[in-house]
$ cat start.cif   # mmCIF, C-alpha atoms
data_query
loop_
_atom_site.group_PDB
_atom_site.id
_atom_site.type_symbol
_atom_site.label_atom_id
_atom_site.label_comp_id
_atom_site.auth_asym_id
_atom_site.auth_seq_id
_atom_site.Cartn_x
_atom_site.Cartn_y
_atom_site.Cartn_z
ATOM 1 C CA MET A 1167 65.867 -17.055 -30.891
ATOM 2 C CA ALA A 1168 63.906 -19.837 -32.673
ATOM 3 C CA THR A 1169 64.371 -22.374 -29.915
ATOM 4 C CA ARG A 1170 63.020 -20.058 -27.228
ATOM 5 C CA ARG A 1171 59.985 -19.120 -29.350
ATOM 6 C CA LEU A 1172 58.824 -22.705 -28.861
ATOM 7 C CA GLY A 1173 59.146 -22.202 -25.109
ATOM 8 C CA ARG A 1174 57.154 -18.933 -25.150
ATOM 9 C CA ALA A 1175 54.383 -20.589 -27.179
ATOM 10 C CA ALA A 1176 54.257 -23.500 -24.741
ATOM 11 C CA GLY A 1177 54.105 -21.018 -21.858
ATOM 12 C CA ARG A 1178 51.132 -19.203 -23.400
ATOM 13 C CA TYR A 1179 49.355 -22.526 -23.827
ATOM 14 C CA ARG A 1180 49.950 -23.494 -20.199
ATOM 15 C CA ARG A 1181 48.605 -20.148 -18.951
ATOM 16 C CA HIS A 1182 45.362 -20.594 -20.876
ATOM 17 C CA ALA A 1183 44.936 -24.304 -20.067
ATOM 18 C CA ARG A 1184 43.030 -23.931 -16.819
ATOM 19 C CA PRO A 1185 39.968 -25.707 -15.382
ATOM 20 C CA LEU A 1186 36.935 -24.864 -17.457
ATOM 21 C CA GLY A 1187 34.510 -24.028 -14.660
ATOM 22 C CA ARG A 1188 31.363 -25.885 -13.740
ATOM 23 C CA GLN A 1189 30.656 -28.906 -15.909
ATOM 24 C CA ARG A 1190 27.253 -30.444 -16.591
ATOM 25 C CA ILE A 1191 27.649 -34.200 -16.109
ATOM 26 C CA GLU A 1192 24.981 -36.825 -16.669
ATOM 27 C CA VAL A 1193 24.601 -39.210 -13.715
ATOM 28 C CA GLY A 1194 21.746 -41.675 -13.543
ATOM 29 C CA GLY A 1195 19.915 -39.932 -16.389
ATOM 30 C CA LYS A 1196 20.137 -36.495 -14.716
ATOM 31 C CA PHE A 1197 22.437 -33.595 -15.493
ATOM 32 C CA MET A 1198 24.329 -32.383 -12.451
ATOM 33 C CA SER A 1199 26.784 -29.528 -12.151
ATOM 34 C CA ASN A 1200 27.874 -30.596 -8.689
ATOM 35 C CA LEU A 1201 28.966 -34.171 -8.152
ATOM 36 C CA THR A 1202 30.219 -35.617 -4.888
ATOM 37 C CA ILE A 1203 33.678 -37.014 -5.598
ATOM 38 C CA GLY A 1204 35.865 -39.068 -3.283
ATOM 39 C CA PHE A 1205 39.564 -38.710 -4.100
ATOM 40 C CA ILE A 1206 42.083 -41.127 -2.566
ATOM 41 C CA GLY A 1207 45.750 -40.209 -2.887
ATOM 42 C CA LEU A 1208 46.540 -36.474 -2.721
ATOM 43 C CA GLY A 1209 50.231 -36.504 -3.576
ATOM 44 C CA ASN A 1210 52.085 -34.501 -6.233
ATOM 45 C CA MET A 1211 49.661 -35.660 -8.914
ATOM 46 C CA GLY A 1212 46.446 -36.402 -7.047
ATOM 47 C CA GLY A 1213 46.452 -33.162 -5.042
ATOM 48 C CA PRO A 1214 46.253 -30.752 -7.992
ATOM 49 C CA MET A 1215 43.860 -33.039 -9.864
ATOM 50 C CA ALA A 1216 41.469 -33.006 -6.900
ATOM 51 C CA ALA A 1217 41.880 -29.226 -6.538
ATOM 52 C CA ASN A 1218 40.931 -28.722 -10.197
ATOM 53 C CA LEU A 1219 37.743 -30.748 -9.708
ATOM 54 C CA ALA A 1220 36.850 -28.673 -6.649
ATOM 55 C CA ALA A 1221 37.576 -25.437 -8.556
ATOM 56 C CA ALA A 1222 35.176 -26.609 -11.266
ATOM 57 C CA GLY A 1223 32.323 -26.691 -8.730
ATOM 58 C CA HIS A 1224 32.293 -30.289 -7.540
ATOM 59 C CA THR A 1225 32.213 -31.370 -3.909
ATOM 60 C CA VAL A 1226 35.465 -33.249 -3.354
ATOM 61 C CA ARG A 1227 36.401 -35.239 -0.253
ATOM 62 C CA GLY A 1228 40.035 -36.339 -0.130
ATOM 63 C CA ASN A 1229 41.862 -39.025 1.810
ATOM 64 C CA ASP A 1230 45.620 -39.564 1.936
ATOM 65 C CA VAL A 1231 47.579 -41.787 4.312
ATOM 66 C CA ALA A 1232 50.136 -38.993 4.786
ATOM 67 C CA GLY A 1233 47.428 -36.508 5.802
ATOM 68 C CA THR A 1234 48.034 -34.405 2.677
ATOM 69 C CA THR A 1235 45.283 -31.989 1.685
ATOM 70 C CA ALA A 1236 44.461 -29.987 -1.454
ATOM 71 C CA GLU A 1237 42.895 -26.596 -2.055
ATOM 72 C CA GLY A 1238 39.113 -26.694 -1.959
ATOM 73 C CA VAL A 1239 39.066 -30.372 -0.950
ATOM 74 C CA ALA A 1240 37.409 -31.473 2.301
ATOM 75 C CA GLU A 1241 39.590 -33.802 4.366
ATOM 76 C CA ALA A 1242 38.237 -37.307 4.979
ATOM 77 C CA LYS A 1243 39.933 -39.219 7.772
ATOM 78 C CA THR A 1244 39.141 -42.637 6.307
ATOM 79 C CA ILE A 1245 38.507 -44.207 2.920
ATOM 80 C CA ALA A 1246 34.951 -44.986 3.986
ATOM 81 C CA GLU A 1247 34.361 -41.318 4.820
ATOM 82 C CA ALA A 1248 35.779 -40.238 1.455
ATOM 83 C CA VAL A 1249 33.738 -42.613 -0.699
ATOM 84 C CA GLY A 1250 30.443 -42.974 1.184
ATOM 85 C CA ASP A 1251 27.534 -41.667 -0.980
ATOM 86 C CA ALA A 1252 30.027 -40.393 -3.591
ATOM 87 C CA ASP A 1253 28.912 -40.333 -7.219
ATOM 88 C CA VAL A 1254 32.489 -40.866 -8.354
ATOM 89 C CA VAL A 1255 35.632 -42.123 -6.595
ATOM 90 C CA ILE A 1256 39.076 -41.424 -8.053
ATOM 91 C CA THR A 1257 42.278 -43.086 -6.878
ATOM 92 C CA MET A 1258 45.879 -41.992 -7.555
ATOM 93 C CA LEU A 1259 48.134 -44.479 -5.786
ATOM 94 C CA PRO A 1260 51.814 -45.486 -5.924
ATOM 95 C CA ASN A 1261 51.605 -49.176 -6.851
ATOM 96 C CA GLY A 1262 49.409 -52.138 -7.653
ATOM 97 C CA ALA A 1263 49.490 -53.698 -4.184
ATOM 98 C CA ILE A 1264 48.125 -50.516 -2.613
ATOM 99 C CA LEU A 1265 45.518 -50.174 -5.365
ATOM 100 C CA ARG A 1266 44.220 -53.689 -4.693
ATOM 101 C CA GLN A 1267 43.940 -52.964 -0.973
ATOM 102 C CA VAL A 1268 42.245 -49.577 -1.445
ATOM 103 C CA ALA A 1269 39.894 -50.860 -4.152
ATOM 104 C CA GLU A 1270 38.633 -53.684 -1.942
ATOM 105 C CA GLU A 1271 37.952 -51.252 0.897
ATOM 106 C CA ALA A 1272 36.449 -48.518 -1.255
ATOM 107 C CA VAL A 1273 33.966 -50.638 -3.218
ATOM 108 C CA ALA A 1274 32.532 -51.982 0.035
ATOM 109 C CA HIS A 1275 31.358 -48.458 0.907
ATOM 110 C CA MET A 1276 30.287 -47.207 -2.532
ATOM 111 C CA ALA A 1277 26.682 -47.105 -3.729
ATOM 112 C CA PRO A 1278 25.721 -49.369 -6.656
ATOM 113 C CA GLY A 1279 25.919 -47.490 -9.949
ATOM 114 C CA ALA A 1280 28.708 -45.178 -8.784
ATOM 115 C CA LEU A 1281 31.891 -44.834 -10.832
ATOM 116 C CA LEU A 1282 35.403 -45.828 -9.722
ATOM 117 C CA ILE A 1283 38.271 -44.255 -11.724
ATOM 118 C CA ASP A 1284 41.817 -45.381 -11.048
ATOM 119 C CA CYS A 1285 44.453 -42.940 -12.340
ATOM 120 C CA SER A 1286 47.445 -44.757 -10.823
ATOM 121 C CA THR A 1287 50.169 -46.247 -12.995
ATOM 122 C CA VAL A 1288 50.236 -49.919 -12.018
ATOM 123 C CA ASP A 1289 50.543 -53.365 -13.560
ATOM 124 C CA VAL A 1290 47.753 -54.512 -15.864
ATOM 125 C CA GLU A 1291 46.722 -57.364 -13.566
ATOM 126 C CA SER A 1292 46.147 -55.003 -10.618
ATOM 127 C CA ALA A 1293 43.970 -52.792 -12.808
ATOM 128 C CA ARG A 1294 41.900 -55.815 -13.808
ATOM 129 C CA PHE A 1295 41.639 -56.871 -10.154
ATOM 130 C CA ALA A 1296 40.172 -53.457 -9.290
ATOM 131 C CA ALA A 1297 37.798 -53.723 -12.260
ATOM 132 C CA GLU A 1298 36.543 -57.115 -11.092
ATOM 133 C CA ALA A 1299 36.053 -55.840 -7.538
ATOM 134 C CA ALA A 1300 34.014 -52.917 -8.907
ATOM 135 C CA GLN A 1301 31.933 -55.171 -11.128
ATOM 136 C CA LYS A 1302 31.075 -57.469 -8.224
ATOM 137 C CA ALA A 1303 29.892 -54.424 -6.265
ATOM 138 C CA ARG A 1304 27.746 -53.295 -9.263
ATOM 139 C CA LEU A 1305 29.929 -50.275 -9.921
ATOM 140 C CA LEU A 1306 31.286 -48.781 -13.118
ATOM 141 C CA PHE A 1307 35.084 -48.804 -13.494
ATOM 142 C CA VAL A 1308 37.699 -47.093 -15.649
ATOM 143 C CA ASP A 1309 41.461 -47.475 -15.364
ATOM 144 C CA ALA A 1310 42.867 -44.155 -16.573
ATOM 145 C CA PRO A 1311 46.584 -43.600 -15.975
ATOM 146 C CA VAL A 1312 47.860 -40.199 -17.032
ATOM 147 C CA SER A 1313 50.652 -38.574 -18.972
ATOM 148 C CA GLY A 1314 51.759 -34.988 -18.456
ATOM 149 C CA GLY A 1315 53.511 -34.982 -15.090
ATOM 150 C CA ILE A 1316 53.072 -32.551 -12.215
ATOM 151 C CA GLY A 1317 52.797 -29.559 -14.556
ATOM 152 C CA GLY A 1318 49.962 -31.242 -16.432
ATOM 153 C CA ALA A 1319 48.175 -32.093 -13.179
ATOM 154 C CA GLN A 1320 48.449 -28.484 -11.991
ATOM 155 C CA GLY A 1321 47.476 -26.914 -15.305
ATOM 156 C CA GLY A 1322 44.665 -29.334 -16.151
ATOM 157 C CA THR A 1323 46.435 -30.528 -19.299
ATOM 158 C CA LEU A 1324 46.878 -34.249 -18.621
ATOM 159 C CA THR A 1325 46.244 -37.013 -21.139
ATOM 160 C CA PHE A 1326 44.166 -39.933 -19.864
ATOM 161 C CA MET A 1327 44.635 -43.416 -21.330
ATOM 162 C CA ALA A 1328 41.457 -45.235 -20.368
ATOM 163 C CA GLY A 1329 40.319 -48.840 -20.190
ATOM 164 C CA GLY A 1330 36.790 -49.994 -19.433
ATOM 165 C CA ALA A 1331 33.247 -50.097 -20.769
ATOM 166 C CA GLU A 1332 32.165 -47.262 -23.048
ATOM 167 C CA ALA A 1333 29.341 -46.302 -20.665
ATOM 168 C CA ALA A 1334 31.817 -45.884 -17.807
ATOM 169 C CA PHE A 1335 34.175 -43.874 -20.006
ATOM 170 C CA GLU A 1336 31.385 -41.529 -21.143
ATOM 171 C CA LYS A 1337 30.420 -40.890 -17.531
ATOM 172 C CA ALA A 1338 34.067 -40.149 -16.656
ATOM 173 C CA LYS A 1339 34.808 -38.019 -19.727
ATOM 174 C CA PRO A 1340 33.562 -34.644 -18.374
ATOM 175 C CA LEU A 1341 35.820 -35.100 -15.352
ATOM 176 C CA PHE A 1342 38.745 -35.942 -17.627
ATOM 177 C CA ASP A 1343 37.976 -32.712 -19.501
ATOM 178 C CA ILE A 1344 38.431 -30.749 -16.262
ATOM 179 C CA MET A 1345 41.670 -32.467 -15.272
ATOM 180 C CA GLY A 1346 43.165 -32.819 -18.734
ATOM 181 C CA GLN A 1347 43.207 -31.920 -22.390
ATOM 182 C CA LYS A 1348 42.670 -35.375 -23.914
ATOM 183 C CA ALA A 1349 41.186 -38.749 -22.972
ATOM 184 C CA VAL A 1350 41.341 -41.853 -25.153
ATOM 185 C CA LEU A 1351 39.356 -45.059 -24.573
ATOM 186 C CA CYS A 1352 41.942 -47.725 -25.394
ATOM 187 C CA GLY A 1353 39.837 -50.846 -24.820
ATOM 188 C CA ASP A 1354 38.563 -53.001 -21.980
ATOM 189 C CA ALA A 1355 39.710 -52.816 -18.351
ATOM 190 C CA GLY A 1356 43.501 -52.835 -18.187
ATOM 191 C CA ALA A 1357 43.935 -51.335 -21.660
ATOM 192 C CA GLY A 1358 44.669 -47.909 -20.202
ATOM 193 C CA GLN A 1359 47.551 -49.345 -18.194
ATOM 194 C CA ALA A 1360 48.805 -51.224 -21.248
ATOM 195 C CA ALA A 1361 48.866 -47.981 -23.258
ATOM 196 C CA LYS A 1362 50.658 -46.092 -20.471
ATOM 197 C CA ILE A 1363 53.281 -48.812 -20.061
ATOM 198 C CA CYS A 1364 54.016 -48.891 -23.804
ATOM 199 C CA ASN A 1365 54.099 -45.081 -24.012
ATOM 200 C CA ASN A 1366 56.573 -44.745 -21.167
ATOM 201 C CA MET A 1367 58.790 -47.523 -22.466
ATOM 202 C CA ILE A 1368 59.131 -45.416 -25.636
ATOM 203 C CA LEU A 1369 59.713 -42.289 -23.541
ATOM 204 C CA GLY A 1370 62.470 -43.865 -21.454
ATOM 205 C CA ALA A 1371 64.312 -45.172 -24.511
ATOM 206 C CA THR A 1372 63.993 -41.930 -26.495
ATOM 207 C CA MET A 1373 65.177 -39.799 -23.569
ATOM 208 C CA ILE A 1374 68.289 -41.961 -23.251
ATOM 209 C CA ALA A 1375 68.942 -41.647 -26.995
ATOM 210 C CA THR A 1376 68.401 -37.867 -26.856
ATOM 211 C CA CYS A 1377 70.836 -37.475 -23.957
ATOM 212 C CA GLU A 1378 73.401 -39.688 -25.701
ATOM 213 C CA ALA A 1379 73.124 -37.569 -28.838
ATOM 214 C CA PHE A 1380 73.691 -34.287 -26.967
ATOM 215 C CA ALA A 1381 76.700 -35.766 -25.143
ATOM 216 C CA LEU A 1382 78.150 -36.961 -28.449
ATOM 217 C CA ALA A 1383 77.452 -33.606 -30.108
ATOM 218 C CA ASP A 1384 79.308 -31.836 -27.288
ATOM 219 C CA LYS A 1385 82.383 -33.995 -27.786
ATOM 220 C CA LEU A 1386 82.238 -33.444 -31.553
ATOM 221 C CA GLY A 1387 82.175 -29.670 -30.992
ATOM 222 C CA LEU A 1388 78.603 -29.148 -32.234
ATOM 223 C CA ASP A 1389 76.741 -26.200 -30.673
ATOM 224 C CA ARG A 1390 73.704 -27.368 -28.698
ATOM 225 C CA GLU A 1391 71.388 -24.693 -30.127
ATOM 226 C CA ARG A 1392 72.274 -25.694 -33.674
ATOM 227 C CA MET A 1393 71.900 -29.357 -32.759
ATOM 228 C CA PHE A 1394 68.389 -28.649 -31.449
ATOM 229 C CA ASP A 1395 67.438 -26.538 -34.483
ATOM 230 C CA VAL A 1396 68.390 -29.397 -36.809
ATOM 231 C CA VAL A 1397 67.051 -32.392 -34.881
ATOM 232 C CA SER A 1398 63.784 -30.757 -33.744
ATOM 233 C CA THR A 1399 62.785 -30.258 -37.392
ATOM 234 C CA SER A 1400 64.306 -33.439 -38.826
ATOM 235 C CA SER A 1401 63.861 -37.193 -38.535
ATOM 236 C CA GLY A 1402 65.281 -37.176 -34.987
ATOM 237 C CA TYR A 1403 62.205 -35.249 -33.819
ATOM 238 C CA SER A 1404 60.699 -36.604 -30.584
ATOM 239 C CA TRP A 1405 58.808 -35.387 -27.515
ATOM 240 C CA SER A 1406 62.003 -35.826 -25.493
ATOM 241 C CA MET A 1407 63.812 -33.415 -27.816
ATOM 242 C CA ASN A 1408 61.099 -30.946 -28.802
ATOM 243 C CA ALA A 1409 58.976 -30.584 -25.663
ATOM 244 C CA TYR A 1410 61.263 -31.724 -22.817
ATOM 245 C CA CYS A 1411 64.772 -31.016 -24.038
ATOM 246 C CA PRO A 1412 67.356 -32.361 -21.552
ATOM 247 C CA ALA A 1413 69.925 -29.653 -22.416
ATOM 248 C CA PRO A 1414 69.720 -26.527 -20.192
ATOM 249 C CA GLY A 1415 68.926 -23.307 -22.044
ATOM 250 C CA VAL A 1416 67.837 -25.087 -25.208
ATOM 251 C CA GLY A 1417 64.265 -25.477 -26.474
ATOM 252 C CA PRO A 1418 61.143 -24.921 -24.360
ATOM 253 C CA GLN A 1419 61.413 -24.481 -20.595
ATOM 254 C CA SER A 1420 62.058 -27.875 -18.984
ATOM 255 C CA PRO A 1421 63.459 -29.366 -15.743
ATOM 256 C CA ALA A 1422 66.940 -29.057 -17.282
ATOM 257 C CA ASP A 1423 66.554 -25.284 -16.807
ATOM 258 C CA ASN A 1424 65.881 -25.799 -13.096
ATOM 259 C CA ASP A 1425 68.886 -27.951 -12.172
ATOM 260 C CA TYR A 1426 66.915 -31.085 -13.108
ATOM 261 C CA LYS A 1427 64.404 -30.741 -10.285
ATOM 262 C CA PRO A 1428 61.889 -33.402 -11.207
ATOM 263 C CA GLY A 1429 58.852 -32.856 -13.341
ATOM 264 C CA PHE A 1430 58.965 -36.631 -13.768
ATOM 265 C CA ALA A 1431 61.451 -38.221 -11.403
ATOM 266 C CA ALA A 1432 64.007 -40.769 -12.585
ATOM 267 C CA GLU A 1433 62.742 -43.278 -10.015
ATOM 268 C CA LEU A 1434 59.223 -43.008 -11.478
ATOM 269 C CA MET A 1435 60.588 -43.689 -14.943
ATOM 270 C CA LEU A 1436 62.378 -46.713 -13.481
ATOM 271 C CA LYS A 1437 59.092 -47.885 -11.976
ATOM 272 C CA ASP A 1438 57.336 -47.604 -15.349
ATOM 273 C CA LEU A 1439 60.127 -49.372 -17.196
ATOM 274 C CA GLY A 1440 59.898 -52.136 -14.593
ATOM 275 C CA LEU A 1441 56.169 -52.420 -15.331
ATOM 276 C CA SER A 1442 56.939 -52.615 -19.050
ATOM 277 C CA GLN A 1443 59.309 -55.511 -18.546
ATOM 278 C CA GLN A 1444 56.896 -57.252 -16.201
ATOM 279 C CA ALA A 1445 54.229 -56.937 -18.891
ATOM 280 C CA ALA A 1446 56.644 -58.081 -21.607
ATOM 281 C CA GLU A 1447 57.452 -61.222 -19.650
ATOM 282 C CA MET A 1448 53.764 -61.920 -19.015
ATOM 283 C CA ALA A 1449 52.894 -61.413 -22.710
ATOM 284 C CA ASN A 1450 56.031 -63.169 -24.026
ATOM 285 C CA ALA A 1451 57.094 -60.016 -25.922
ATOM 286 C CA ASP A 1452 60.662 -59.260 -27.027
ATOM 287 C CA THR A 1453 61.560 -55.717 -25.828
ATOM 288 C CA PRO A 1454 65.375 -55.438 -25.792
ATOM 289 C CA MET A 1455 65.445 -51.618 -25.921
ATOM 290 C CA GLY A 1456 62.982 -51.442 -23.048
ATOM 291 C CA ALA A 1457 65.086 -53.896 -21.063
ATOM 292 C CA LEU A 1458 68.261 -51.876 -21.689
ATOM 293 C CA ALA A 1459 66.506 -48.632 -20.725
ATOM 294 C CA LYS A 1460 65.422 -50.246 -17.458
ATOM 295 C CA GLU A 1461 68.981 -51.421 -16.817
ATOM 296 C CA LEU A 1462 70.409 -47.929 -17.404
ATOM 297 C CA TYR A 1463 67.815 -46.200 -15.217
ATOM 298 C CA THR A 1464 68.344 -48.787 -12.478
ATOM 299 C CA ARG A 1465 72.044 -47.925 -12.446
ATOM 300 C CA PHE A 1466 71.312 -44.205 -12.625
ATOM 301 C CA VAL A 1467 68.852 -44.237 -9.706
ATOM 302 C CA GLU A 1468 70.512 -46.783 -7.442
ATOM 303 C CA GLU A 1469 74.235 -46.242 -8.061
ATOM 304 C CA GLU A 1470 74.837 -42.920 -9.833
ATOM 305 C CA GLY A 1471 72.938 -40.336 -7.785
ATOM 306 C CA GLY A 1472 69.917 -40.063 -10.048
ATOM 307 C CA LYS A 1473 67.280 -40.561 -7.340
ATOM 308 C CA GLY A 1474 65.368 -37.336 -6.743
ATOM 309 C CA LYS A 1475 66.382 -35.869 -10.105
ATOM 310 C CA ASP A 1476 64.344 -35.544 -13.266
ATOM 311 C CA PHE A 1477 64.580 -38.468 -15.655
ATOM 312 C CA SER A 1478 66.192 -36.139 -18.218
ATOM 313 C CA ALA A 1479 69.218 -35.765 -15.883
ATOM 314 C CA MET A 1480 70.663 -38.670 -17.854
ATOM 315 C CA LEU A 1481 72.403 -35.980 -19.952
ATOM 316 C CA PRO A 1482 74.997 -34.936 -17.336
ATOM 317 C CA ARG A 1483 75.445 -38.633 -16.593
ATOM 318 C CA PHE A 1484 76.478 -39.290 -20.205
ATOM 319 C CA GLU A 1485 78.564 -36.089 -20.342
ATOM 320 C CA GLN A 1486 80.775 -37.433 -17.568
ATOM 321 C CA ARG A 1487 81.386 -40.791 -19.198
ATOM 322 C CA GLY A 1488 83.675 -41.814 -22.018
ATOM 323 C CA TRP A 1489 83.493 -44.468 -24.735
ATOM 324 C CA GLN A 1490 82.185 -47.762 -23.305
ATOM 325 C CA GLY A 1491 82.694 -49.982 -26.331
#

$ encode --input "start.cif" --output "structure tokens"
Amino acid sequence: MATRRLGRAAGRYRRHARPLGRQRIEVGGKFMSNLTIGFIGLGNMGGPMAANLAAAGHTVRGNDVAGTTAEGVAEAKTIAEAVGDADVVITMLPNGAILRQVAEEAVAHMAPGALLIDCSTVDVESARFAAEAAQKARLLFVDAPVSGGIGGAQGGTLTFMAGGAEAAFEKAKPLFDIMGQKAVLCGDAGAGQAAKICNNMILGATMIATCEAFALADKLGLDRERMFDVVSTSSGYSWSMNAYCPAPGVGPQSPADNDYKPGFAAELMLKDLGLSQQAAEMANADTPMGALAKELYTRFVEEEGGKGKDFSAMLPRFEQRGWQG
């Protein structure tokens, strides 16, 4: 069937998208195939990212407050132990407050000239705070939040949206190539976070619209396969429809085919939509669709049982509801 051919093609791509082996990276004018990397935050995203770096031949020391470890990664009991004499330090943390705290501690133990990469999704101001702390310690800094979810972290197919000086980005790029399939320098420090926030505001709104459309199609008697075949090749085309279809058994394999077990949890989408509205207020930007998406995901997570489910589980939520006009 045409819709499942897309899924098989995506599956073949994922199987071949693996870490590329040892990478030659220029550090301090020398090419090195084995860097010492400190990695702070080994959760669902950070763990596989660190493991991919270790599999590519780098020496990786990991620290996580929960004691989590990753394959091939040496456990460091403290941040100081993880970052001391490291060529590169990478952080993947849950929020801006924790990033500020970790950044202040980490830079105090890093050698001048080393590179700090923050891959967390946080507010722009926290990213700039970390950049300033790194600059004061004579370190290079890149904020590089990611897109691609847990599957992308495991398969080494993430997209990195980076902010920082070009020299810092060029030093980080070979590591991005191990952990992902694309890295874009978006501008100065904080620009990576700005790009991620805008991207995920679009994603949240388009997923809601996609789920609404499937729920409406159901009630109009339209077959879901035929709906997908039309929309996925027409002006309604979107990543939410074509790559992450919220309807079980339709399109490529997605969390909908696994009872909505999260690839990207609804509460994480709510977090990102909250960041978008925080940024909109700070920048005096009018984002009514983003605000409505945040309102709907707040209700879904806090009142309608959406916590712990994939963000595409909005579809059964709309299926159960009637006309609200």

$ residues_around --input "start.cif" --residues "region 1336-1338 of chain A" --least-positions-apart "2" --cutoff "10 Å" --atoms "only C-alpha atoms" --output "MDAnalysis selection string"
chainID A and resid 1191:1194 1254 1280:1283 1306:1308 1310 1328 1331:1334 1340:1343 1349 1351

$ write_last_selection --input "start.cif" --atoms "C-alpha atoms" --output "CSV table (one decimal), in the frame of the given file"
chain,number,residue,atom,x,y,z
A,1191,ILE,CA,27.6,-34.2,-16.1
A,1192,GLU,CA,25.0,-36.8,-16.7
A,1193,VAL,CA,24.6,-39.2,-13.7
A,1194,GLY,CA,21.7,-41.7,-13.5
A,1254,VAL,CA,32.5,-40.9,-8.4
A,1280,ALA,CA,28.7,-45.2,-8.8
A,1281,LEU,CA,31.9,-44.8,-10.8
A,1282,LEU,CA,35.4,-45.8,-9.7
A,1283,ILE,CA,38.3,-44.3,-11.7
A,1306,LEU,CA,31.3,-48.8,-13.1
A,1307,PHE,CA,35.1,-48.8,-13.5
A,1308,VAL,CA,37.7,-47.1,-15.6
A,1310,ALA,CA,42.9,-44.2,-16.6
A,1328,ALA,CA,41.5,-45.2,-20.4
A,1331,ALA,CA,33.2,-50.1,-20.8
A,1332,GLU,CA,32.2,-47.3,-23.0
A,1333,ALA,CA,29.3,-46.3,-20.7
A,1334,ALA,CA,31.8,-45.9,-17.8
A,1340,PRO,CA,33.6,-34.6,-18.4
A,1341,LEU,CA,35.8,-35.1,-15.4
A,1342,PHE,CA,38.7,-35.9,-17.6
A,1343,ASP,CA,38.0,-32.7,-19.5
A,1349,ALA,CA,41.2,-38.7,-23.0
A,1351,LEU,CA,39.4,-45.1,-24.6

$ atom_distance --input "start.cif" --atom1 "CA of Gln1444 (chain A)" --atom2 "CA of Glu1298 (chain A)"
21.0 Å

$ resolve_selection --input "start.cif" --expression "the PyMOL selection byres ((chain A and resi 1259) around 10)" --output "list of chain:residue names"
A:Ile1206, A:Gly1207, A:Leu1208, A:Gly1209, A:Met1211, A:Gly1212, A:Asp1230, A:Ile1256, A:Thr1257, A:Met1258, A:Pro1260, A:Asn1261, A:Gly1262, A:Ala1263, A:Ile1264, A:Leu1265, A:Val1268, A:Asp1284, A:Cys1285, A:Ser1286, A:Thr1287, A:Val1288

$ write_last_selection --input "start.cif" --atoms "C-alpha atoms" --output "tab-separated table (two decimals), in the coordinates of the input"
chain	number	residue	atom	x	y	z
A	1206	ILE	CA	42.08	-41.13	-2.57
A	1207	GLY	CA	45.75	-40.21	-2.89
A	1208	LEU	CA	46.54	-36.47	-2.72
A	1209	GLY	CA	50.23	-36.50	-3.58
A	1211	MET	CA	49.66	-35.66	-8.91
A	1212	GLY	CA	46.45	-36.40	-7.05
A	1230	ASP	CA	45.62	-39.56	1.94
A	1256	ILE	CA	39.08	-41.42	-8.05
A	1257	THR	CA	42.28	-43.09	-6.88
A	1258	MET	CA	45.88	-41.99	-7.56
A	1260	PRO	CA	51.81	-45.49	-5.92
A	1261	ASN	CA	51.60	-49.18	-6.85
A	1262	GLY	CA	49.41	-52.14	-7.65
A	1263	ALA	CA	49.49	-53.70	-4.18
A	1264	ILE	CA	48.12	-50.52	-2.61
A	1265	LEU	CA	45.52	-50.17	-5.36
A	1268	VAL	CA	42.24	-49.58	-1.44
A	1284	ASP	CA	41.82	-45.38	-11.05
A	1285	CYS	CA	44.45	-42.94	-12.34
A	1286	SER	CA	47.44	-44.76	-10.82
A	1287	THR	CA	50.17	-46.25	-13.00
A	1288	VAL	CA	50.24	-49.92	-12.02

$ atom_distance --input "start.cif" --atom1 "CA of Gly1250 (chain A)" --atom2 "CA of Asn1229 (chain A)"
12.1 Å

$ residues_around --input "start.cif" --residues "region 1361-1368 of chain A" --least-positions-apart "5" --cutoff "6 Å" --atoms "only C-alpha atoms" --output "PyMOL selection string"
chain A and resi 1439+1442+1456

$ closest_residue --input "start.cif" --among "A:Thr1244, A:Phe1484, A:Thr1325, A:Ala1252" --to "Leu1201 (chain A)" --atoms "all atoms listed in the file"
A:Ala1252

$ atom_distance --input "start.cif" --atom1 "CA of Gly1474 (chain A)" --atom2 "CA of Gly1429 (chain A)"
10.3 Å

$ resolve_selection --input "start.cif" --expression "the PyMOL selection byres ((chain A and resi 1299) around 12)" --output "PyMOL selection string"
chain A and resi 1265-1274+1276+1282+1292-1298+1300-1307+1355

$ resolve_selection --input "start.cif" --expression "the PyMOL selection byres ((chain A and resi 1397-1403) around 10)" --output "list of chain:residue names"
A:Thr1169, A:Thr1372, A:Ala1375, A:Thr1376, A:Ala1379, A:Arg1392, A:Met1393, A:Phe1394, A:Asp1395, A:Val1396, A:Ser1404, A:Trp1405, A:Ser1406, A:Met1407, A:Asn1408, A:Ala1409, A:Cys1411, A:Gly1417

$ write_last_selection --input "start.cif" --atoms "C-alpha atoms" --output "mmCIF file, keeping the file's coordinate frame"
data_model
loop_
_atom_site.group_PDB
_atom_site.id
_atom_site.type_symbol
_atom_site.label_atom_id
_atom_site.label_comp_id
_atom_site.auth_asym_id
_atom_site.auth_seq_id
_atom_site.Cartn_x
_atom_site.Cartn_y
_atom_site.Cartn_z
ATOM 1 C CA THR A 1169 64.371 -22.374 -29.915
ATOM 2 C CA THR A 1372 63.993 -41.930 -26.495
ATOM 3 C CA ALA A 1375 68.942 -41.647 -26.995
ATOM 4 C CA THR A 1376 68.401 -37.867 -26.856
ATOM 5 C CA ALA A 1379 73.124 -37.569 -28.838
ATOM 6 C CA ARG A 1392 72.274 -25.694 -33.674
ATOM 7 C CA MET A 1393 71.900 -29.357 -32.759
ATOM 8 C CA PHE A 1394 68.389 -28.649 -31.449
ATOM 9 C CA ASP A 1395 67.438 -26.538 -34.483
ATOM 10 C CA VAL A 1396 68.390 -29.397 -36.809
ATOM 11 C CA SER A 1404 60.699 -36.604 -30.584
ATOM 12 C CA TRP A 1405 58.808 -35.387 -27.515
ATOM 13 C CA SER A 1406 62.003 -35.826 -25.493
ATOM 14 C CA MET A 1407 63.812 -33.415 -27.816
ATOM 15 C CA ASN A 1408 61.099 -30.946 -28.802
ATOM 16 C CA ALA A 1409 58.976 -30.584 -25.663
ATOM 17 C CA CYS A 1411 64.772 -31.016 -24.038
ATOM 18 C CA GLY A 1417 64.265 -25.477 -26.474
#
